[in-house]
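Notes for the one structure printed next.
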Amino acid sequence: MVRVAAAAGLPVALMHATTGSGPAGSDSSALRESEERFDLAARGSDQGVFDIHVRSGGLHLSPRARDILGIAPDASIDVRRAFRQMLRGADRRKVATARKDLVRGGRGVDLDIRISRPDGANRDVRWRGLATRDGDGDVTRVVGMVTDVTAQKQSERHLRLAAAVFASSHDGLVVTDLNAVVSAVNPAFSQITGYAEDEILGQTMRTMHSGRHDREFYRCMWGALTSTGSWHGEIWNRRKNGEIFLQQLSIRTVYDEKGKPQNYVGAFQDITRITHSEFELDRIAHYDPLTDLPNRTLLASLLDLAVSRAGKSCAVLFLDIDRFKTVNDSLGHIAGDAVLKAAADRVRTALDADATLGHYGADEFVVILEEIEGPQDAAMAATRLIDELARPFTVDGGEIYLGASVGISLHPLDADDAAQLLQHANTALAEAKAQGRGIYAFYTQALTRSARVRMEMEADLRRGLVREEFRLNFQPVVDLASGRIVGAEALVRWQSPAHGLVPPNRFIPLAEETGLIEPLGDWVLEEACRQMVQWSAAGANLDFIAVNLSPRQFQRGALCEHMESVLRRTGLPAAQLEVEITENVLFGAAAAAERKLHDMRDSGVRIALDDFGTGYSSLAYLKRFPISKLKIDRSFVHDLPRAADAEIATAIISIARALGLDVVAEGIEAPEQCAFLKERGCGFGQGYLFGRAVTSERFLRLALQGPIATGAAHPGSALLH
């Protein structure tokens with residue numbers, strides 16, 4: 001018996017069987033068992049079996065072998081024609097050489113060749129087999145395995161290509177594990193850093209730390225790698241000889257087949273010389289050598305850029321150090337330079353991070369404030385600068401007092417181009433100096449007076465919050481059908497010792513602009529909820545208390561959590577709180593805002609859309625957002641039942657009813673207005689017909705009196721006017 005095995009060691013066939021001492025049936029059974037074992041092994045190995053009959057030219061292929069070679073299961077094949085059709089060029093010569101080797105006495109075949117299958121696909125295959133010979137030594141059969149190694153060959157080609165790129169790249173390349181321990185570097189790495197491959201392998205990249213970056217820098221770098229898989233930026237590192245150099249570095253994470261991080265690959269360039277040259281040229285052309293601030297040339301470019309941004313406001317502050325000439329004349333220019341540097345440092349510290357500061361010349365500085373909300377922002381910045389420069393300077397061991405004056409011009413109010421803004425700011429500076437120095441002035445005197453009044457009111461507003469100068473009044477909301485007072489709208493009032501009773505239209509916008517609306521709104525919300533609980537305890541049958549929510553409050557990140565906290569503290573059920581928002585809160589609302597409204601609704605709080613009809617009035621909002629009530633703006637109620645207003649009010653009521661929303665009409669002052677709205681199906685109303693906003697005590701008395709006669713002015717409303 002001759003056993004033939006492939007190079008992989010798997011038995012492939014029993015070529016001959018000889019008689020032995022045992023019974024013939026025993027040999028036949030052993031043969032079948034061996035064939036079954038081989039068939040199972042071959043199928044489990046994902047390899048195909050071939051059997052070439054040399055003399056007949058026949059080729060037997062197992063199903064897996066046919067699948068690899070792309071030959072149909074029932075197709076008859078001739079070995080010579082099959083190889084002639086599948087092979088090309090060098091691979092055909094490989095097979096011819098192998099055939100000659102067999103004829104000369106070779107034991108088998110071991111070939112890696114590329115074939116073209118009948119379906120047109122090219123595959124890399126490995127042929128391994130052994131030959132049997134007859135008594136004369138001639139080859140009779142070649143039996144073995146055929147394996148598809150296309151993926152392996154492709155991987156090897158990619159690896160060779162990657163290795164060539166890695167070795168020949170002009171960029172320094174380094175591979176590390178997840179602990180930054182180096183496992184491979186390319187020649188360019190060694191050339192740039194000075195570390196030979198055997199010196200850096202097994203070391204961590206901390207070996208090259210320059211000491212110029214703090215922990216926060218590296219924390220952000222590794223944070224980006226962990227979260228995004230990559231980091232790109234500039235970093236200072238140290239060569240082997242101790243020299244610090246600047247790298248343009250990119251790091252990427254390599255993941256294994258399961259998606260887990262496996263390695264980091266870094267690619268870098270030495271940009272020290274390029275950066276140094278560019279930096280020096282830029283500084284010479286655009287920066288003042290004394291203060292290291294943008295000079296007049298760069299300031300003009302930056303201001304041109306600021307005014308070119310469509311729809312954005314900006315301010316120019318022209319600052320001059322008062323009495324600076326005295327320093328130069330009495331102490332000399334060296335002392336004067338020291339004062340200018342100290343003044344520049346103070347001004348830089350006093351400004352917000354997004355402000356631009358430049359040295360315009362001599363003792364003059366220019367500040368550019370971009371995207372300001374109004375003149376008050378410029379006035380606040382000017383005040384900080386004047387206060388900062390009013391402190392004494394230390395020169396030659398002594399103290400000197402100088403001070404500063406500031407001129408302000410605004411874009412687009414005062415001018416549309418950079419040159420005019422600078423000119424107007426300089427003119428305003430002259431006005432400030434003429435008024436006694438140590439102050440600021442706007443380009444127009446009227447604006448100067450207005451800004452100062454606004455600044456004073458802002459200061460009073462801040463003090464008013466601390467001193468509890470605010471109080472709530474409440475306006476009744478009436479069921480038009482029954483006359484019952486169903487709720488109240490909480491309205492804030494400011495009783496200022498300096499300004500008297502300040503109307504909301506004067507201090508609410510200021511509170512919005514300065515951010516004071518948040519603490520003020522928090523106070524209103526909590527006070528209103530607490531008052532509602534007290535009314536209920538006193539026997540008032542009310543459904544809700546309504547509180548206005550400003551756009552700035554709505555943008556608050558933890559708004560819903562804050563509301564829930566207030567409700568818990570005051571004991572008010574969520575269903576009795578109604579928040580009123582305006583349409584501009586919804587305009588362009590992002591998904592986060594939509595989720596916020598849904599969370600609010602899910603907690604039980606009701607949402608009313610105030611001043612409906614005066615803004616964008618998109619019906620899509622009414623479908624998209626969880627609104628429960630529409631409030632018709634008073635501008636559509638004032639002239640009812642005039643035709644135009646009547647049609648608008650009727651349309652709003654019809655839309656609301658179709659969508660299942662409640663409707664409240666604001667500003668009802670006359671019985672005929674009330675009658676018209678009730679007839680059209682408006683459910684609720686508020687206005688002087690039922691009562692003005694009053695104190696909590698008066699509102700309670702009104703609520704306990706019972707229903708209001710909606711056909712005429714309520715007797716108690718006179719008390720409220």
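Chain lettering (A, B, ...) mirrors the order of the structure tokens, residue numbering begins at 1 for each chain separately, and ligand numbering begins at 1 in order of display.
Shell of Val533 of chain A at 12 Å, with only C-alpha atoms counted and residues fewer than 4 places along the chain excluded, is Glu526, Glu527, Ala528, Cys529, Ala537, Ala538, Gly539, Ala540, Asn541, Leu542, Asp543, Phe544, Ile545, Leu567, Arg568, Arg569, Thr570, Gly571, Leu572, Pro573, Ala574, Gln576, Leu577, Ser696 and Leu700 of chain A.
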Go ahead and write the residues just picked, N, CA and C atoms, as a JSON list (two decimals), in the first residue's frame.
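Ended up saving to result_24.json:
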```
[["chain", "number", "residue", "atom", "x", "y", "z"],
["A", 526, "GLU", "N", -40.52, 81.09, 41.34],
["A", 526, "GLU", "CA", -40.72, 80.55, 42.69],
["A", 526, "GLU", "C", -41.78, 81.33, 43.45],
["A", 527, "GLU", "N", -41.76, 82.66, 43.34],
["A", 527, "GLU", "CA", -42.73, 83.48, 44.06],
["A", 527, "GLU", "C", -44.15, 83.22, 43.55],
["A", 528, "ALA", "N", -44.30, 83.07, 42.23],
["A", 528, "ALA", "CA", -45.63, 82.82, 41.66],
["A", 528, "ALA", "C", -46.17, 81.47, 42.12],
["A", 529, "CYS", "N", -45.32, 80.44, 42.11],
["A", 529, "CYS", "CA", -45.77, 79.11, 42.55],
["A", 529, "CYS", "C", -46.16, 79.14, 44.02],
["A", 537, "ALA", "N", -54.88, 77.44, 49.46],
["A", 537, "ALA", "CA", -55.11, 77.20, 50.89],
["A", 537, "ALA", "C", -56.16, 78.15, 51.45],
["A", 538, "ALA", "N", -56.29, 79.34, 50.83],
["A", 538, "ALA", "CA", -57.27, 80.34, 51.30],
["A", 538, "ALA", "C", -58.65, 80.11, 50.69],
["A", 539, "GLY", "N", -58.81, 79.07, 49.84],
["A", 539, "GLY", "CA", -60.12, 78.74, 49.30],
["A", 539, "GLY", "C", -60.37, 79.19, 47.87],
["A", 540, "ALA", "N", -59.37, 79.77, 47.20],
["A", 540, "ALA", "CA", -59.55, 80.20, 45.81],
["A", 540, "ALA", "C", -59.58, 78.98, 44.89],
["A", 541, "ASN", "N", -60.56, 78.94, 44.01],
["A", 541, "ASN", "CA", -60.71, 77.83, 43.07],
["A", 541, "ASN", "C", -60.07, 78.23, 41.75],
["A", 542, "LEU", "N", -58.77, 78.02, 41.62],
["A", 542, "LEU", "CA", -58.01, 78.44, 40.43],
["A", 542, "LEU", "C", -57.38, 77.22, 39.77],
["A", 543, "ASP", "N", -57.31, 77.28, 38.43],
["A", 543, "ASP", "CA", -56.75, 76.16, 37.68],
["A", 543, "ASP", "C", -55.24, 76.28, 37.48],
["A", 544, "PHE", "N", -54.74, 77.50, 37.33],
["A", 544, "PHE", "CA", -53.32, 77.62, 36.99],
["A", 544, "PHE", "C", -52.79, 79.01, 37.35],
["A", 545, "ILE", "N", -51.48, 79.09, 37.42],
["A", 545, "ILE", "CA", -50.75, 80.35, 37.51],
["A", 545, "ILE", "C", -49.82, 80.38, 36.30],
["A", 567, "LEU", "N", -41.12, 73.38, 41.97],
["A", 567, "LEU", "CA", -42.41, 72.77, 42.28],
["A", 567, "LEU", "C", -42.34, 71.93, 43.55],
["A", 568, "ARG", "N", -41.23, 71.22, 43.73],
["A", 568, "ARG", "CA", -41.07, 70.42, 44.95],
["A", 568, "ARG", "C", -40.98, 71.32, 46.18],
["A", 569, "ARG", "N", -40.22, 72.40, 46.07],
["A", 569, "ARG", "CA", -40.04, 73.29, 47.23],
["A", 569, "ARG", "C", -41.33, 73.98, 47.62],
["A", 570, "THR", "N", -42.11, 74.41, 46.62],
["A", 570, "THR", "CA", -43.32, 75.18, 46.92],
["A", 570, "THR", "C", -44.53, 74.30, 47.17],
["A", 571, "GLY", "N", -44.49, 73.04, 46.69],
["A", 571, "GLY", "CA", -45.63, 72.14, 46.86],
["A", 571, "GLY", "C", -46.72, 72.34, 45.83],
["A", 572, "LEU", "N", -46.44, 73.08, 44.75],
["A", 572, "LEU", "CA", -47.46, 73.31, 43.72],
["A", 572, "LEU", "C", -47.49, 72.13, 42.75],
["A", 573, "PRO", "N", -48.67, 71.55, 42.47],
["A", 573, "PRO", "CA", -48.75, 70.49, 41.45],
["A", 573, "PRO", "C", -48.33, 71.03, 40.09],
["A", 574, "ALA", "N", -47.61, 70.21, 39.32],
["A", 574, "ALA", "CA", -47.11, 70.65, 38.02],
["A", 574, "ALA", "C", -48.25, 71.08, 37.09],
["A", 576, "GLN", "N", -50.73, 72.79, 37.66],
["A", 576, "GLN", "CA", -51.22, 74.13, 37.94],
["A", 576, "GLN", "C", -50.21, 75.22, 37.54],
["A", 577, "LEU", "N", -49.10, 74.81, 36.91],
["A", 577, "LEU", "CA", -48.12, 75.78, 36.41],
["A", 577, "LEU", "C", -48.22, 75.85, 34.89],
["A", 696, "SER", "N", -51.24, 90.45, 45.29],
["A", 696, "SER", "CA", -51.76, 89.12, 45.59],
["A", 696, "SER", "C", -52.99, 89.19, 46.49],
["A", 700, "LEU", "N", -56.74, 87.84, 45.44],
["A", 700, "LEU", "CA", -57.46, 86.82, 46.20],
["A", 700, "LEU", "C", -58.89, 87.26, 46.48]]
```
Run DSSP on the backbone of this structure and report the residues of segment 476-516 of chain A it assigns to alpha helix (DSSP H), as a PyMOL selection string. chain A and resi 504-514
Expected file: the selected residues, N, CA and C atoms, as a compact mmCIF listing (two decimals), in the first residue's frame:
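Ended up saving to part24.txt:
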```txt
# COMPACT_ATOMS: atom_id res chain seq x y z
N PRO A 504 -42.10 97.45 32.96
CA PRO A 504 -41.36 96.28 32.47
C PRO A 504 -40.66 96.50 31.14
N ASN A 505 -41.28 97.33 30.24
CA ASN A 505 -40.65 97.51 28.93
C ASN A 505 -39.32 98.26 29.01
N ARG A 506 -38.98 98.83 30.19
CA ARG A 506 -37.69 99.49 30.36
C ARG A 506 -36.65 98.57 30.99
N PHE A 507 -37.04 97.77 31.96
CA PHE A 507 -36.02 96.98 32.63
C PHE A 507 -35.92 95.52 32.16
N ILE A 508 -36.99 94.97 31.58
CA ILE A 508 -36.92 93.58 31.10
C ILE A 508 -35.90 93.44 29.96
N PRO A 509 -35.91 94.30 28.91
CA PRO A 509 -34.88 94.18 27.87
C PRO A 509 -33.47 94.32 28.43
N LEU A 510 -33.28 95.23 29.39
CA LEU A 510 -31.96 95.40 30.00
C LEU A 510 -31.56 94.15 30.77
N ALA A 511 -32.50 93.55 31.46
CA ALA A 511 -32.22 92.31 32.18
C ALA A 511 -31.84 91.18 31.22
N GLU A 512 -32.51 91.14 30.07
CA GLU A 512 -32.18 90.14 29.04
C GLU A 512 -30.75 90.33 28.55
N GLU A 513 -30.39 91.58 28.22
CA GLU A 513 -29.08 91.86 27.64
C GLU A 513 -27.95 91.58 28.62
N THR A 514 -28.17 91.86 29.88
CA THR A 514 -27.11 91.72 30.88
C THR A 514 -27.07 90.35 31.53
```
Hey, what's within 8 Å of Val174 of chain A if we count only C-alpha atoms and toss same-chain stuff fewer than 5 positions away? As a ChimeraX atom specification, please? /A:182-186,189,265-267
Keeping all heavy atoms for every residue in the selection just given, could you write it to a file as an mmCIF file, in the first residue's frame?
```cif
data_model
loop_
_atom_site.group_PDB
_atom_site.id
_atom_site.type_symbol
_atom_site.label_atom_id
_atom_site.label_comp_id
_atom_site.auth_asym_id
_atom_site.auth_seq_id
_atom_site.Cartn_x
_atom_site.Cartn_y
_atom_site.Cartn_z
ATOM 1 N N VAL A 182 7.296 52.583 22.333
ATOM 2 C CA VAL A 182 7.624 52.538 20.905
ATOM 3 C C VAL A 182 7.905 51.105 20.476
ATOM 4 O O VAL A 182 8.700 50.395 21.109
ATOM 5 C CB VAL A 182 8.853 53.431 20.613
ATOM 6 C CG1 VAL A 182 9.228 53.343 19.140
ATOM 7 C CG2 VAL A 182 8.565 54.869 21.009
ATOM 8 N N SER A 183 7.268 50.689 19.365
ATOM 9 C CA SER A 183 7.499 49.350 18.819
ATOM 10 C C SER A 183 8.126 49.393 17.430
ATOM 11 O O SER A 183 8.685 48.396 16.985
ATOM 12 C CB SER A 183 6.178 48.567 18.766
ATOM 13 O OG SER A 183 5.218 49.257 17.990
ATOM 14 N N ALA A 184 8.052 50.521 16.735
ATOM 15 C CA ALA A 184 8.661 50.627 15.403
ATOM 16 C C ALA A 184 8.832 52.094 15.046
ATOM 17 O O ALA A 184 7.997 52.939 15.393
ATOM 18 C CB ALA A 184 7.804 49.922 14.356
ATOM 19 N N VAL A 185 9.955 52.379 14.347
ATOM 20 C CA VAL A 185 10.194 53.720 13.798
ATOM 21 C C VAL A 185 10.787 53.560 12.414
ATOM 22 O O VAL A 185 11.334 52.507 12.079
ATOM 23 C CB VAL A 185 11.150 54.557 14.690
ATOM 24 C CG1 VAL A 185 10.544 54.811 16.061
ATOM 25 C CG2 VAL A 185 12.511 53.888 14.817
ATOM 26 N N ASN A 186 10.694 54.603 11.603
ATOM 27 C CA ASN A 186 11.284 54.560 10.267
ATOM 28 C C ASN A 186 12.578 55.367 10.247
ATOM 29 O O ASN A 186 12.898 56.091 11.206
ATOM 30 C CB ASN A 186 10.287 55.034 9.222
ATOM 31 C CG ASN A 186 10.043 56.521 9.282
ATOM 32 O OD1 ASN A 186 10.274 57.154 10.308
ATOM 33 N ND2 ASN A 186 9.564 57.093 8.189
ATOM 34 N N PHE A 189 12.370 59.059 11.150
ATOM 35 C CA PHE A 189 12.238 59.340 12.585
ATOM 36 C C PHE A 189 13.619 59.528 13.211
ATOM 37 O O PHE A 189 13.865 60.493 13.954
ATOM 38 C CB PHE A 189 11.495 58.184 13.268
ATOM 39 C CG PHE A 189 11.361 58.330 14.758
ATOM 40 C CD1 PHE A 189 10.205 58.842 15.323
ATOM 41 C CD2 PHE A 189 12.396 57.956 15.611
ATOM 42 C CE1 PHE A 189 10.077 58.983 16.702
ATOM 43 C CE2 PHE A 189 12.286 58.088 16.983
ATOM 44 C CZ PHE A 189 11.132 58.601 17.527
ATOM 45 N N VAL A 265 -0.306 55.184 15.723
ATOM 46 C CA VAL A 265 0.670 55.488 14.682
ATOM 47 C C VAL A 265 0.780 56.998 14.581
ATOM 48 O O VAL A 265 -0.226 57.692 14.383
ATOM 49 C CB VAL A 265 0.265 54.891 13.320
ATOM 50 C CG1 VAL A 265 1.269 55.305 12.251
ATOM 51 C CG2 VAL A 265 0.186 53.379 13.408
ATOM 52 N N GLY A 266 2.016 57.498 14.735
ATOM 53 C CA GLY A 266 2.250 58.938 14.652
ATOM 54 C C GLY A 266 3.070 59.276 13.427
ATOM 55 O O GLY A 266 4.012 58.564 13.072
ATOM 56 N N ALA A 267 2.701 60.375 12.754
ATOM 57 C CA ALA A 267 3.453 60.890 11.598
ATOM 58 C C ALA A 267 3.735 62.361 11.862
ATOM 59 O O ALA A 267 2.820 63.113 12.224
ATOM 60 C CB ALA A 267 2.669 60.702 10.311
#
```
Which residue is closest to Leu319 of chain A? Choose from A:Ala430, A:Val579, A:Leu61, A:Ala96 and count only C-alpha atoms.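 Answer, going by the shortest atom-to-atom distance: A:Ala430.
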Out of segment 293-495 of chain A, which residues get strand (DSSP E or B) from DSSP, as a PyMOL selection string? chain A and resi 294+314-321+356-361+364-370+393-395+398-400+404-411+440-442+470-479+485-495
I'd like to know which of A:Asp292, A:Asp270, A:Asp417, A:Asp329 is closest to Leu357 of chain A, using only C-alpha atoms.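 Ranking A:Asp292, A:Asp270, A:Asp417, A:Asp329 by distance to Leu357 of chain A, first place goes to A:Asp292.
Put simply, atom CA of Leu472 of chain A is 21.2 Å away from atom CA of Gln705 of chain A.
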Just the residues within 7 Å of segment 148-164 of chain A, please, counting only C-alpha atoms, with nothing from its chain fewer than 2 positions along; format it as a list in words.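 Here the answer would be Ile68, Arg123, Asp124, Val125, Arg126, Val146, Phe166, Ala167 and Ser168 of chain A.
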